[in-house]
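All remarks here apply to the structure that follows.
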Amino acid sequence: MAVFLELLVNGISVGAVYALIALGFVVIFKATEVVNFTHASLLLAGGYVIARLHPLVGFWAALAAGIAAAALVGALVEFLILRRAHVGSRGVLAIVTIGVDILLTTELTRQIGTEVLALGDPWGDRVLRLGPVTVAETRVVALAVAAALIAAFLLAFKFTGWGVAMRATAEDAETAALMGVRLGRVSLGAWAVAGALAAVAALFLCVFPTPGLDRGTTAAAMKAFPAAILGGLDSTTGALAGGLIVGVTETLISGYQSELAFLGRGIGDAAPFLVMIVILLLRPSGLFGTKEPVRV
Amino acid sequence: MSGDAGRPGAGGPEIESPETAVPEAAKPATPETEGLEIRGLEVRYGPVRALRGVDLTVPRGAVAAVLGANGAGKTTLLRAVSGTLRFHRGAITAGTITFGGARVDGAPAAEVVRRGVVQVPEGRRVFARMTVAENLRAGALAVPGRRAAAARERVLELFPVLAERAHQRAGLLSGGEQQMLAIGRALMAGPSLLLLDEPTLGLAPMMAARIADTVRRINAQGTSVLLVEQNAAMALALAERAYVLEVGELALSGPAAELAASDEVRRRYLGVGAPDTDRPVGTGLEERAERTRPARWTA
Ligand SMILES: Nc1ncnc2c1ncn2[C@@H]1O[C@H](COP(=O)(O)OP(=O)(O)OP(=O)(O)O)[C@@H](O)[C@H]1O
Ligand SMILES: [Mg+2]
């Protein structure tokens, strides 16, 4: 039972981090209808800046710089590439983002080389004991921070002018423009927010028990894709649910790996994608997604 | 589709040349350049020419109506003014549009809104997944909060039903309520010129009359209106001046009262007047199928 509870807490914590990534993904999709495959490299860029800067300026300043850098890279990708790519089809734009992702990831992994970079976080490998359950402090912090960011994001989305502009644009961009919404700013803002959230996620994907940032970090980030898709690409609630489902499934299956040996090794890594496929077969628009409304 | 073949000569039943002024006694004596001025407008969607040589004026404080059959280019005209042609792969290829003395052709939609020109799109296009209150808020995104609060009061006074339904999803409103919301949302930006694209389309006569009455009230509060309508009787009753578009070109223009009295307009748009052997006389309000015929009314 203690093992199960520990795995569950860890799973929820990892899931909350995936939810942060998925949320950015969903925000970009809502604002621009582009499926953004650049997300993993935004995350890597944020993590890389934190890793390189913390020995020089300390952890918190490095974290702030990493968040700003990832937001900036996101905004630049939007401004320099997507805004200028006058291709009609959203599918082609998605492939453009794959190209940008490969470029960025190639360069960053070249910089990282074979190193494993520590992010200099203050939590180290300390653990908290709650009765029979032992959880890493990093996991508790990740859960708290992700929950706070997600709540702040959802409140802003619901109640601020920025959120109203985002939602109006997501629903009907032309009519939003008729309300005076500057669509370029909305999409720039979406990319920047997504980048910032990805940098925070990068931190928590690279701290204990993970040894640090390395070229494998993008693979971990990739698990947020099934999270976003199974929740419904255009649903913020879906991003949350999807993140949690993926995190818990992955952690439980990896934790009970020996009992599940008949499924083969590494099933924990594949599980998120299996869950995604099953859910999409049952609900093609994801758990909370709306089918694209017919526009007249 | 450019409609060159079979065009009537420029000397069609022009009731009055645009230079002869509309009686403007009731209106504030402001120079025409402060209103909307469209000169020689040509619009294309790729190879398709949708408008050619259109001249149109909405003096400050006035109501002008644009009539025309389906596909005549009425919506295109409003898109050209509001800067939304680019959403339809269209562009202004000749001519100018000025508002308040400054050029607005080529300005992005968000900029045109900030100049005080706001369009209520064809088909209402409320944000169906947002509440009524959020829709109104969206309408005020381009104006500072203090002005938004004042605009909100004005809108809710004009449409009390929107206050009752404030927290309901806009997609669940009736057609008439959605039209009120669409107009109210546009008014939130405090426009000096309101562009209305077929606001009574698909509404029951009672509701259409209410919308017409609302347009009159909005104008009485000082907002100019450019009204596109298939409901010619209503539009001519509201407007001081009217324009008739035919396959992308102006076929008629003049004081609304004179157009309403003209045999051509009465027969083709109001469904009354001289008998027409060519086609049945309809109600005048539902003549869409008839009007899409290529037949010209002048030889
Ligand atoms: N996006 C577009 N691409 C190509 N042609 C278009 C486009 N939109 C409109 N058109 C063409 O431009 C012409 C004018 O269309 P418009 O929608 O302005 O007419 P309308 O007078 O508003 O008609 P309705 O009464 O049906 O609303 C039509 O011939 C139409 O087919
Ligand atoms: Mg139209």
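Each chain of the structure tokens is named A, B, ... in the order shown, its residues numbered from 1; ligands are numbered from 1 in display order.
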Task: At most 9 Å from ligand 2 (only C-alpha atoms and all ligand atoms): residue list as a list in words - done: Asn70, Gly71, Ala72, Gly73, Lys74, Thr75, Thr76, Leu78, Glu122, Gly123, Asp197, Glu198, Val228 and Glu229 of chain B
N, CA and C atoms of the current selection, written as a PDB file, in the first residue's frame:
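Okay, part08.pdb is ready:
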ATOM      1  N   ASN B  70     -28.002  38.914 -53.675  1.00  0.00           N
ATOM      2  CA  ASN B  70     -26.945  38.044 -53.173  1.00  0.00           C
ATOM      3  C   ASN B  70     -25.757  38.106 -54.113  1.00  0.00           C
ATOM      4  N   GLY B  71     -24.605  38.227 -53.541  1.00  0.00           N
ATOM      5  CA  GLY B  71     -23.396  38.240 -54.357  1.00  0.00           C
ATOM      6  C   GLY B  71     -23.103  39.571 -55.022  1.00  0.00           C
ATOM      7  N   ALA B  72     -23.879  40.596 -54.697  1.00  0.00           N
ATOM      8  CA  ALA B  72     -23.660  41.899 -55.338  1.00  0.00           C
ATOM      9  C   ALA B  72     -22.387  42.561 -54.837  1.00  0.00           C
ATOM     10  N   GLY B  73     -21.943  42.178 -53.650  1.00  0.00           N
ATOM     11  CA  GLY B  73     -20.708  42.751 -53.116  1.00  0.00           C
ATOM     12  C   GLY B  73     -20.916  43.581 -51.867  1.00  0.00           C
ATOM     13  N   LYS B  74     -22.069  43.446 -51.240  1.00  0.00           N
ATOM     14  CA  LYS B  74     -22.371  44.263 -50.062  1.00  0.00           C
ATOM     15  C   LYS B  74     -21.429  43.940 -48.904  1.00  0.00           C
ATOM     16  N   THR B  75     -21.299  42.653 -48.613  1.00  0.00           N
ATOM     17  CA  THR B  75     -20.409  42.257 -47.521  1.00  0.00           C
ATOM     18  C   THR B  75     -18.967  42.628 -47.844  1.00  0.00           C
ATOM     19  N   THR B  76     -18.597  42.450 -49.103  1.00  0.00           N
ATOM     20  CA  THR B  76     -17.242  42.812 -49.532  1.00  0.00           C
ATOM     21  C   THR B  76     -16.960  44.285 -49.250  1.00  0.00           C
ATOM     22  N   LEU B  78     -18.264  46.151 -46.894  1.00  0.00           N
ATOM     23  CA  LEU B  78     -18.037  46.339 -45.456  1.00  0.00           C
ATOM     24  C   LEU B  78     -16.682  45.789 -45.039  1.00  0.00           C
ATOM     25  N   GLU B 122     -21.778  39.743 -40.795  1.00  0.00           N
ATOM     26  CA  GLU B 122     -22.889  38.985 -41.341  1.00  0.00           C
ATOM     27  C   GLU B 122     -23.038  37.687 -40.541  1.00  0.00           C
ATOM     28  N   GLY B 123     -24.259  37.322 -40.221  1.00  0.00           N
ATOM     29  CA  GLY B 123     -24.485  36.075 -39.499  1.00  0.00           C
ATOM     30  C   GLY B 123     -24.186  36.179 -38.014  1.00  0.00           C
ATOM     31  N   ASP B 197     -24.212  44.385 -41.190  1.00  0.00           N
ATOM     32  CA  ASP B 197     -24.383  43.512 -42.352  1.00  0.00           C
ATOM     33  C   ASP B 197     -25.610  42.629 -42.166  1.00  0.00           C
ATOM     34  N   GLU B 198     -26.691  43.010 -42.826  1.00  0.00           N
ATOM     35  CA  GLU B 198     -27.944  42.264 -42.796  1.00  0.00           C
ATOM     36  C   GLU B 198     -28.386  41.887 -41.387  1.00  0.00           C
ATOM     37  N   VAL B 228     -26.244  47.455 -44.435  1.00  0.00           N
ATOM     38  CA  VAL B 228     -26.425  46.584 -45.589  1.00  0.00           C
ATOM     39  C   VAL B 228     -27.657  45.744 -45.335  1.00  0.00           C
ATOM     40  N   GLU B 229     -28.572  45.722 -46.255  1.00  0.00           N
ATOM     41  CA  GLU B 229     -29.825  45.001 -46.005  1.00  0.00           C
ATOM     42  C   GLU B 229     -30.404  44.416 -47.279  1.00  0.00           C
TER      43      GLU B 229
END
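Distance criterion 6 Å to chain A, applied with only C-alpha atoms, yields B:Ala109, B:Ala110, B:Val113, B:Gly139, B:Ala142 on chain B.
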All residues having an atom within 10 Å of ligand 1 (only C-alpha atoms and all ligand atoms) as a short mmCIF file (atom, residue, chain, number, x, y, z; two decimals) with all heavy atoms, in the first residue's frame:
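Written output follows (part_5.cif):
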data_model
loop_
_atom_site.label_atom_id
_atom_site.label_comp_id
_atom_site.auth_asym_id
_atom_site.auth_seq_id
_atom_site.Cartn_x
_atom_site.Cartn_y
_atom_site.Cartn_z
N MET B 1 -16.79 36.08 -63.19
CA MET B 1 -17.51 36.62 -62.05
C MET B 1 -17.38 38.13 -61.94
O MET B 1 -18.03 38.76 -61.16
CB MET B 1 -16.99 36.01 -60.75
CG MET B 1 -17.49 34.61 -60.48
SD MET B 1 -19.25 34.48 -60.51
CE MET B 1 -19.66 35.31 -58.96
N SER B 2 -16.47 38.71 -62.76
CA SER B 2 -16.26 40.13 -62.59
C SER B 2 -17.43 40.93 -63.13
O SER B 2 -17.56 42.11 -62.86
CB SER B 2 -14.97 40.57 -63.25
OG SER B 2 -15.01 40.23 -64.62
N GLY B 3 -18.30 40.29 -63.87
CA GLY B 3 -19.56 40.91 -64.23
C GLY B 3 -19.44 42.03 -65.23
O GLY B 3 -20.23 42.97 -65.20
N VAL B 43 -12.24 45.92 -55.42
CA VAL B 43 -11.80 44.83 -54.55
C VAL B 43 -11.75 43.54 -55.34
O VAL B 43 -12.64 43.26 -56.14
CB VAL B 43 -12.75 44.66 -53.34
CG1 VAL B 43 -12.40 43.41 -52.54
CG2 VAL B 43 -12.72 45.88 -52.43
N ARG B 44 -10.70 42.79 -55.13
CA ARG B 44 -10.57 41.48 -55.78
C ARG B 44 -10.32 40.39 -54.75
O ARG B 44 -9.66 40.62 -53.75
CB ARG B 44 -9.38 41.47 -56.74
CG ARG B 44 -9.62 42.21 -58.01
CD ARG B 44 -8.33 42.25 -58.83
NE ARG B 44 -8.54 43.03 -60.03
CZ ARG B 44 -9.03 42.54 -61.17
NH1 ARG B 44 -9.30 41.24 -61.26
NH2 ARG B 44 -9.23 43.30 -62.21
N TYR B 45 -10.89 39.23 -55.03
CA TYR B 45 -10.51 38.01 -54.30
C TYR B 45 -9.70 37.20 -55.30
O TYR B 45 -10.27 36.51 -56.15
CB TYR B 45 -11.74 37.20 -53.89
CG TYR B 45 -12.64 37.91 -52.89
CD1 TYR B 45 -13.84 38.49 -53.29
CD2 TYR B 45 -12.30 37.96 -51.54
CE1 TYR B 45 -14.68 39.10 -52.39
CE2 TYR B 45 -13.14 38.58 -50.62
CZ TYR B 45 -14.33 39.15 -51.05
OH TYR B 45 -15.16 39.75 -50.15
N GLY B 46 -8.39 37.29 -55.25
CA GLY B 46 -7.59 36.64 -56.28
C GLY B 46 -8.03 37.15 -57.63
O GLY B 46 -8.09 38.36 -57.86
N PRO B 47 -8.38 36.24 -58.53
CA PRO B 47 -8.78 36.69 -59.87
C PRO B 47 -10.20 37.26 -59.92
O PRO B 47 -10.58 37.88 -60.90
CB PRO B 47 -8.70 35.41 -60.70
CG PRO B 47 -8.91 34.31 -59.71
CD PRO B 47 -8.35 34.78 -58.41
N VAL B 48 -10.98 37.02 -58.87
CA VAL B 48 -12.38 37.44 -58.90
C VAL B 48 -12.50 38.90 -58.50
O VAL B 48 -12.09 39.29 -57.40
CB VAL B 48 -13.21 36.58 -57.91
CG1 VAL B 48 -14.66 37.04 -57.91
CG2 VAL B 48 -13.10 35.12 -58.27
N ARG B 49 -13.08 39.71 -59.39
CA ARG B 49 -13.31 41.10 -59.00
C ARG B 49 -14.70 41.21 -58.41
O ARG B 49 -15.69 40.91 -59.06
CB ARG B 49 -13.17 42.03 -60.20
CG ARG B 49 -13.26 43.48 -59.74
CD ARG B 49 -12.88 44.44 -60.83
NE ARG B 49 -13.79 44.31 -61.94
CZ ARG B 49 -13.48 44.64 -63.20
NH1 ARG B 49 -12.28 45.09 -63.48
NH2 ARG B 49 -14.35 44.51 -64.16
N ALA B 50 -14.76 41.64 -57.15
CA ALA B 50 -16.04 41.68 -56.45
C ALA B 50 -16.64 43.08 -56.41
O ALA B 50 -17.85 43.23 -56.28
CB ALA B 50 -15.87 41.15 -55.03
N LEU B 51 -15.81 44.12 -56.51
CA LEU B 51 -16.31 45.49 -56.52
C LEU B 51 -15.53 46.29 -57.54
O LEU B 51 -14.33 46.05 -57.74
CB LEU B 51 -16.14 46.16 -55.14
CG LEU B 51 -17.04 45.74 -54.00
CD1 LEU B 51 -16.66 46.51 -52.74
CD2 LEU B 51 -18.51 45.96 -54.32
N VAL B 66 -27.10 50.21 -48.05
CA VAL B 66 -26.61 49.58 -49.27
C VAL B 66 -27.52 48.39 -49.55
O VAL B 66 -27.66 47.50 -48.72
CB VAL B 66 -25.15 49.10 -49.13
CG1 VAL B 66 -24.72 48.35 -50.38
CG2 VAL B 66 -24.23 50.28 -48.87
N LEU B 67 -28.16 48.42 -50.71
CA LEU B 67 -29.03 47.33 -51.11
C LEU B 67 -28.37 46.56 -52.24
O LEU B 67 -27.50 47.10 -52.93
CB LEU B 67 -30.39 47.87 -51.61
CG LEU B 67 -31.10 48.89 -50.73
CD1 LEU B 67 -32.38 49.34 -51.42
CD2 LEU B 67 -31.42 48.26 -49.38
N GLY B 68 -28.83 45.35 -52.44
CA GLY B 68 -28.29 44.59 -53.56
C GLY B 68 -28.60 43.12 -53.40
O GLY B 68 -28.85 42.65 -52.29
N ALA B 69 -28.57 42.41 -54.53
CA ALA B 69 -28.89 40.99 -54.52
C ALA B 69 -27.77 40.19 -53.85
O ALA B 69 -26.72 40.75 -53.53
CB ALA B 69 -29.10 40.52 -55.95
N ASN B 70 -28.00 38.91 -53.68
CA ASN B 70 -26.94 38.04 -53.17
C ASN B 70 -25.76 38.11 -54.11
O ASN B 70 -25.91 38.05 -55.32
CB ASN B 70 -27.43 36.59 -53.11
CG ASN B 70 -28.47 36.40 -52.03
OD1 ASN B 70 -29.62 36.12 -52.33
ND2 ASN B 70 -28.07 36.57 -50.80
N GLY B 71 -24.61 38.23 -53.54
CA GLY B 71 -23.40 38.24 -54.36
C GLY B 71 -23.10 39.57 -55.02
O GLY B 71 -22.17 39.68 -55.81
N ALA B 72 -23.88 40.60 -54.70
CA ALA B 72 -23.66 41.90 -55.34
C ALA B 72 -22.39 42.56 -54.84
O ALA B 72 -21.82 43.42 -55.51
CB ALA B 72 -24.85 42.81 -55.07
N GLY B 73 -21.94 42.18 -53.65
CA GLY B 73 -20.71 42.75 -53.12
C GLY B 73 -20.92 43.58 -51.87
O GLY B 73 -20.02 44.33 -51.45
N LYS B 74 -22.07 43.45 -51.24
CA LYS B 74 -22.37 44.26 -50.06
C LYS B 74 -21.43 43.94 -48.90
O LYS B 74 -20.84 44.84 -48.29
CB LYS B 74 -23.83 44.03 -49.61
CG LYS B 74 -24.85 44.25 -50.71
CD LYS B 74 -26.27 43.99 -50.25
CE LYS B 74 -26.55 42.58 -49.76
NZ LYS B 74 -26.42 41.56 -50.80
N THR B 75 -21.30 42.65 -48.61
CA THR B 75 -20.41 42.26 -47.52
C THR B 75 -18.97 42.63 -47.84
O THR B 75 -18.22 43.10 -46.98
CB THR B 75 -20.54 40.74 -47.27
OG1 THR B 75 -21.89 40.47 -46.86
CG2 THR B 75 -19.57 40.26 -46.21
N THR B 76 -18.60 42.45 -49.10
CA THR B 76 -17.24 42.81 -49.53
C THR B 76 -16.96 44.28 -49.25
O THR B 76 -15.87 44.64 -48.79
CB THR B 76 -17.09 42.51 -51.03
OG1 THR B 76 -17.35 41.12 -51.24
CG2 THR B 76 -15.71 42.86 -51.53
N LEU B 77 -17.96 45.13 -49.50
CA LEU B 77 -17.81 46.56 -49.25
C LEU B 77 -17.51 46.81 -47.76
O LEU B 77 -16.60 47.57 -47.41
CB LEU B 77 -19.09 47.28 -49.68
CG LEU B 77 -19.13 48.78 -49.51
CD1 LEU B 77 -18.17 49.45 -50.48
CD2 LEU B 77 -20.55 49.31 -49.75
N LEU B 78 -18.26 46.15 -46.89
CA LEU B 78 -18.04 46.34 -45.46
C LEU B 78 -16.68 45.79 -45.04
O LEU B 78 -15.98 46.38 -44.22
CB LEU B 78 -19.16 45.68 -44.64
CG LEU B 78 -20.56 46.27 -44.80
CD1 LEU B 78 -21.50 45.70 -43.76
CD2 LEU B 78 -20.54 47.79 -44.70
N ARG B 79 -16.30 44.64 -45.61
CA ARG B 79 -14.99 44.08 -45.29
C ARG B 79 -13.87 45.02 -45.69
O ARG B 79 -12.85 45.13 -45.00
CB ARG B 79 -14.79 42.75 -46.03
CG ARG B 79 -15.53 41.58 -45.43
CD ARG B 79 -15.27 40.36 -46.30
NE ARG B 79 -16.08 39.23 -45.87
CZ ARG B 79 -16.45 38.25 -46.67
NH1 ARG B 79 -16.11 38.24 -47.94
NH2 ARG B 79 -17.18 37.25 -46.20
N ALA B 80 -14.05 45.70 -46.82
CA ALA B 80 -13.01 46.63 -47.28
C ALA B 80 -12.86 47.75 -46.26
O ALA B 80 -11.74 48.17 -45.94
CB ALA B 80 -13.38 47.19 -48.65
N LEU B 85 -10.78 42.06 -45.27
CA LEU B 85 -10.67 41.34 -46.55
C LEU B 85 -9.60 40.26 -46.49
O LEU B 85 -9.74 39.21 -47.08
CB LEU B 85 -10.34 42.32 -47.68
CG LEU B 85 -11.50 43.14 -48.23
CD1 LEU B 85 -10.97 44.20 -49.17
CD2 LEU B 85 -12.50 42.24 -48.95
N ARG B 86 -8.53 40.56 -45.74
CA ARG B 86 -7.41 39.62 -45.73
C ARG B 86 -7.79 38.25 -45.15
O ARG B 86 -7.14 37.26 -45.43
CB ARG B 86 -6.22 40.21 -44.97
CG ARG B 86 -6.45 40.38 -43.48
CD ARG B 86 -5.41 41.30 -42.88
NE ARG B 86 -5.60 42.69 -43.34
CZ ARG B 86 -4.71 43.66 -43.18
NH1 ARG B 86 -3.57 43.42 -42.61
NH2 ARG B 86 -4.97 44.88 -43.60
N PHE B 87 -8.85 38.22 -44.35
CA PHE B 87 -9.30 36.92 -43.82
C PHE B 87 -9.97 36.09 -44.91
O PHE B 87 -10.26 34.92 -44.71
CB PHE B 87 -10.29 37.11 -42.67
CG PHE B 87 -9.65 37.68 -41.44
CD1 PHE B 87 -9.64 39.04 -41.20
CD2 PHE B 87 -9.03 36.84 -40.52
CE1 PHE B 87 -9.04 39.56 -40.08
CE2 PHE B 87 -8.43 37.36 -39.39
CZ PHE B 87 -8.43 38.72 -39.17
N HIS B 88 -10.25 36.73 -46.04
CA HIS B 88 -10.92 36.02 -47.13
C HIS B 88 -10.08 36.05 -48.39
O HIS B 88 -10.60 35.90 -49.48
CB HIS B 88 -12.30 36.66 -47.37
CG HIS B 88 -13.14 36.68 -46.13
ND1 HIS B 88 -13.96 35.64 -45.79
CD2 HIS B 88 -13.22 37.57 -45.11
CE1 HIS B 88 -14.54 35.91 -44.63
NE2 HIS B 88 -14.11 37.07 -44.19
N ARG B 89 -8.81 36.31 -48.22
CA ARG B 89 -7.88 36.37 -49.34
C ARG B 89 -8.29 37.41 -50.37
O ARG B 89 -8.09 37.23 -51.56
CB ARG B 89 -7.74 35.00 -50.01
CG ARG B 89 -7.12 34.02 -49.07
CD ARG B 89 -7.31 32.60 -49.55
NE ARG B 89 -6.80 31.70 -48.53
CZ ARG B 89 -5.60 31.11 -48.62
NH1 ARG B 89 -4.85 31.28 -49.66
NH2 ARG B 89 -5.19 30.34 -47.64
N GLY B 90 -8.88 38.47 -49.88
CA GLY B 90 -9.25 39.56 -50.77
C GLY B 90 -8.37 40.76 -50.51
O GLY B 90 -7.67 40.82 -49.49
N GLU B 122 -21.78 39.74 -40.79
CA GLU B 122 -22.89 38.99 -41.34
C GLU B 122 -23.04 37.69 -40.54
O GLU B 122 -22.05 37.06 -40.19
CB GLU B 122 -22.55 38.67 -42.81
CG GLU B 122 -23.64 38.01 -43.60
CD GLU B 122 -23.25 37.94 -45.08
OE1 GLU B 122 -22.06 37.95 -45.41
OE2 GLU B 122 -24.18 37.90 -45.90
N GLY B 123 -24.26 37.32 -40.22
CA GLY B 123 -24.49 36.07 -39.50
C GLY B 123 -24.19 36.18 -38.01
O GLY B 123 -24.00 35.17 -37.35
N ASP B 197 -24.21 44.38 -41.19
CA ASP B 197 -24.38 43.51 -42.35
C ASP B 197 -25.61 42.63 -42.17
O ASP B 197 -25.57 41.64 -41.44
CB ASP B 197 -23.12 42.67 -42.56
CG ASP B 197 -23.06 42.07 -43.96
OD1 ASP B 197 -24.10 42.05 -44.65
OD2 ASP B 197 -21.96 41.64 -44.37
N GLU B 198 -26.69 43.01 -42.83
CA GLU B 198 -27.94 42.26 -42.80
C GLU B 198 -28.39 41.89 -41.39
O GLU B 198 -28.54 40.71 -41.06
CB GLU B 198 -27.83 41.00 -43.66
CG GLU B 198 -27.37 41.35 -45.08
CD GLU B 198 -27.87 40.37 -46.13
OE1 GLU B 198 -28.99 39.85 -45.96
OE2 GLU B 198 -27.15 40.15 -47.10
N LEU B 201 -31.61 39.60 -41.09
CA LEU B 201 -31.70 38.35 -41.85
C LEU B 201 -32.14 37.20 -40.95
O LEU B 201 -31.54 36.96 -39.90
CB LEU B 201 -30.35 38.03 -42.49
CG LEU B 201 -30.37 36.84 -43.45
CD1 LEU B 201 -31.24 37.14 -44.64
CD2 LEU B 201 -28.97 36.50 -43.89
N VAL B 228 -26.24 47.45 -44.43
CA VAL B 228 -26.43 46.58 -45.59
C VAL B 228 -27.66 45.74 -45.33
O VAL B 228 -27.79 45.16 -44.26
CB VAL B 228 -25.18 45.67 -45.75
CG1 VAL B 228 -25.51 44.47 -46.60
CG2 VAL B 228 -24.03 46.46 -46.35
N GLU B 229 -28.57 45.72 -46.26
CA GLU B 229 -29.82 45.00 -46.00
C GLU B 229 -30.40 44.42 -47.28
O GLU B 229 -30.28 44.97 -48.35
CB GLU B 229 -30.88 45.94 -45.38
CG GLU B 229 -31.00 45.81 -43.88
CD GLU B 229 -31.49 44.45 -43.43
OE1 GLU B 229 -31.91 43.61 -44.24
OE2 GLU B 229 -31.46 44.21 -42.23
N GLN B 230 -31.04 43.26 -47.14
CA GLN B 230 -31.88 42.73 -48.22
C GLN B 230 -33.30 43.25 -48.01
O GLN B 230 -34.09 43.31 -48.94
CB GLN B 230 -31.91 41.20 -48.16
CG GLN B 230 -30.56 40.56 -48.31
CD GLN B 230 -30.36 40.00 -49.70
OE1 GLN B 230 -31.28 39.97 -50.51
NE2 GLN B 230 -29.15 39.56 -49.98
N LEU B 245 -26.20 48.16 -55.16
CA LEU B 245 -25.08 47.48 -55.81
C LEU B 245 -25.63 46.40 -56.73
O LEU B 245 -26.57 45.68 -56.38
CB LEU B 245 -24.19 46.80 -54.76
CG LEU B 245 -23.09 47.61 -54.11
CD1 LEU B 245 -22.40 46.76 -53.06
CD2 LEU B 245 -22.08 48.11 -55.14
N GLU B 246 -25.04 46.32 -57.91
CA GLU B 246 -25.40 45.30 -58.87
C GLU B 246 -24.12 44.68 -59.38
O GLU B 246 -23.31 45.37 -60.02
CB GLU B 246 -26.13 45.94 -60.06
CG GLU B 246 -27.61 46.11 -59.85
CD GLU B 246 -28.35 44.88 -60.33
OE1 GLU B 246 -28.10 44.46 -61.46
OE2 GLU B 246 -29.17 44.34 -59.58
N VAL B 247 -23.90 43.39 -59.10
CA VAL B 247 -22.70 42.70 -59.55
C VAL B 247 -21.45 43.57 -59.39
O VAL B 247 -20.68 43.79 -60.30
CB VAL B 247 -22.83 42.24 -61.02
CG1 VAL B 247 -21.87 41.07 -61.26
CG2 VAL B 247 -24.24 41.81 -61.34
N GLY B 248 -21.28 44.08 -58.19
CA GLY B 248 -20.04 44.76 -57.86
C GLY B 248 -19.95 46.22 -58.27
O GLY B 248 -18.95 46.86 -58.03
N ARG B 288 -34.56 36.66 -52.84
CA ARG B 288 -33.18 36.28 -53.11
C ARG B 288 -33.02 35.50 -54.41
O ARG B 288 -32.20 35.83 -55.23
CB ARG B 288 -32.63 35.48 -51.96
CG ARG B 288 -32.66 36.29 -50.70
CD ARG B 288 -31.78 35.67 -49.68
NE ARG B 288 -31.20 36.76 -48.94
CZ ARG B 288 -29.98 36.76 -48.45
NH1 ARG B 288 -29.23 35.71 -48.61
NH2 ARG B 288 -29.52 37.77 -47.80
N ARG B 291 -33.44 37.63 -57.46
CA ARG B 291 -32.45 38.67 -57.70
C ARG B 291 -31.10 38.14 -58.13
O ARG B 291 -30.27 38.89 -58.58
CB ARG B 291 -32.32 39.55 -56.47
CG ARG B 291 -33.41 40.60 -56.45
CD ARG B 291 -33.15 41.58 -55.36
NE ARG B 291 -33.99 41.31 -54.23
CZ ARG B 291 -33.58 41.32 -52.99
NH1 ARG B 291 -32.32 41.54 -52.72
NH2 ARG B 291 -34.40 41.10 -52.01
N THR B 292 -30.90 36.86 -57.97
CA THR B 292 -29.60 36.36 -58.41
C THR B 292 -29.59 36.16 -59.93
O THR B 292 -28.56 35.85 -60.49
CB THR B 292 -29.26 35.03 -57.73
OG1 THR B 292 -30.38 34.17 -57.86
CG2 THR B 292 -28.92 35.24 -56.27
#
Residues of stretch 139-284 of chain B in strand (DSSP E or B) according to DSSP, as a CSV table (one decimal) with C-alpha atoms, in the first residue's frame?
chain,number,residue,atom,x,y,z
B,169,ARG,CA,-23.6,31.1,-23.0
B,193,LEU,CA,-19.6,54.6,-37.4
B,194,LEU,CA,-21.3,51.3,-37.1
B,195,LEU,CA,-21.3,48.9,-40.1
B,196,LEU,CA,-24.3,46.5,-40.0
B,197,ASP,CA,-24.4,43.5,-42.4
B,224,SER,CA,-23.4,57.0,-38.0
B,225,VAL,CA,-24.6,53.8,-39.6
B,226,LEU,CA,-23.8,52.1,-42.8
B,227,LEU,CA,-26.5,49.5,-43.2
B,228,VAL,CA,-26.4,46.6,-45.6
B,241,ARG,CA,-29.3,58.0,-48.5
B,242,ALA,CA,-29.2,54.6,-50.2
B,243,TYR,CA,-26.9,52.9,-52.7
B,244,VAL,CA,-27.9,49.9,-54.9
B,245,LEU,CA,-25.1,47.5,-55.8
B,246,GLU,CA,-25.4,45.3,-58.9
B,249,GLU,CA,-20.9,48.2,-59.3
B,250,LEU,CA,-23.2,51.0,-58.1
B,251,ALA,CA,-26.4,50.9,-60.1
B,252,LEU,CA,-28.3,53.5,-58.3
B,253,SER,CA,-27.8,56.0,-55.5
B,254,GLY,CA,-29.7,58.9,-54.1
B,255,PRO,CA,-31.8,60.0,-51.2
TODO: Compare B:Ala138, B:Pro199, B:Val126, B:Ala186 by their minimum atom-to-atom distance to B:Leu173, counting only C-alpha atoms, and give me the closest one.
DONE: B:Val126
Open item on the list: So that I can check the surroundings of A:Val92, please list as a list in words every protein, DNA and RNA residue that reaches within 12 Å of it, counting only C-alpha atoms and ignoring chain neighbours fewer than 5 positions away.
Closed with: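 Here the answer would be Glu33, Val34, Val35, Asn36, Phe37, Leu82, Ala85, His86, Val87, Thr97, Ile98 and Gly99 of chain A.
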Could you save the residues just selected, with C-alpha atoms, as a tab-separated table (two decimals), in the first residue's frame?
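Full text of part.tsv as output:
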chain	number	residue	atom	x	y	z
A	33	GLU	CA	-4.57	26.55	-34.52
A	34	VAL	CA	-0.99	25.43	-34.97
A	35	VAL	CA	0.12	22.11	-33.50
A	36	ASN	CA	3.42	23.20	-32.05
A	37	PHE	CA	6.09	20.53	-32.22
A	82	LEU	CA	5.40	31.21	-38.26
A	85	ALA	CA	5.17	31.37	-43.26
A	86	HIS	CA	2.23	32.25	-45.47
A	87	VAL	CA	1.16	28.72	-46.07
A	97	THR	CA	7.44	23.62	-36.36
A	98	ILE	CA	8.95	20.12	-36.58
A	99	GLY	CA	11.73	21.58	-38.70
Task: Residue list (helix (DSSP H, G or I), DSSP) for stretch 160-246 of chain A, as a ChimeraX atom specification - done: /A:161-171,173-178,183-206,217-222,224-231,236-246
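The interatomic distance for the pair atom CA of A:Lys30 and atom CA of A:Leu76 works out to 18.6 Å.
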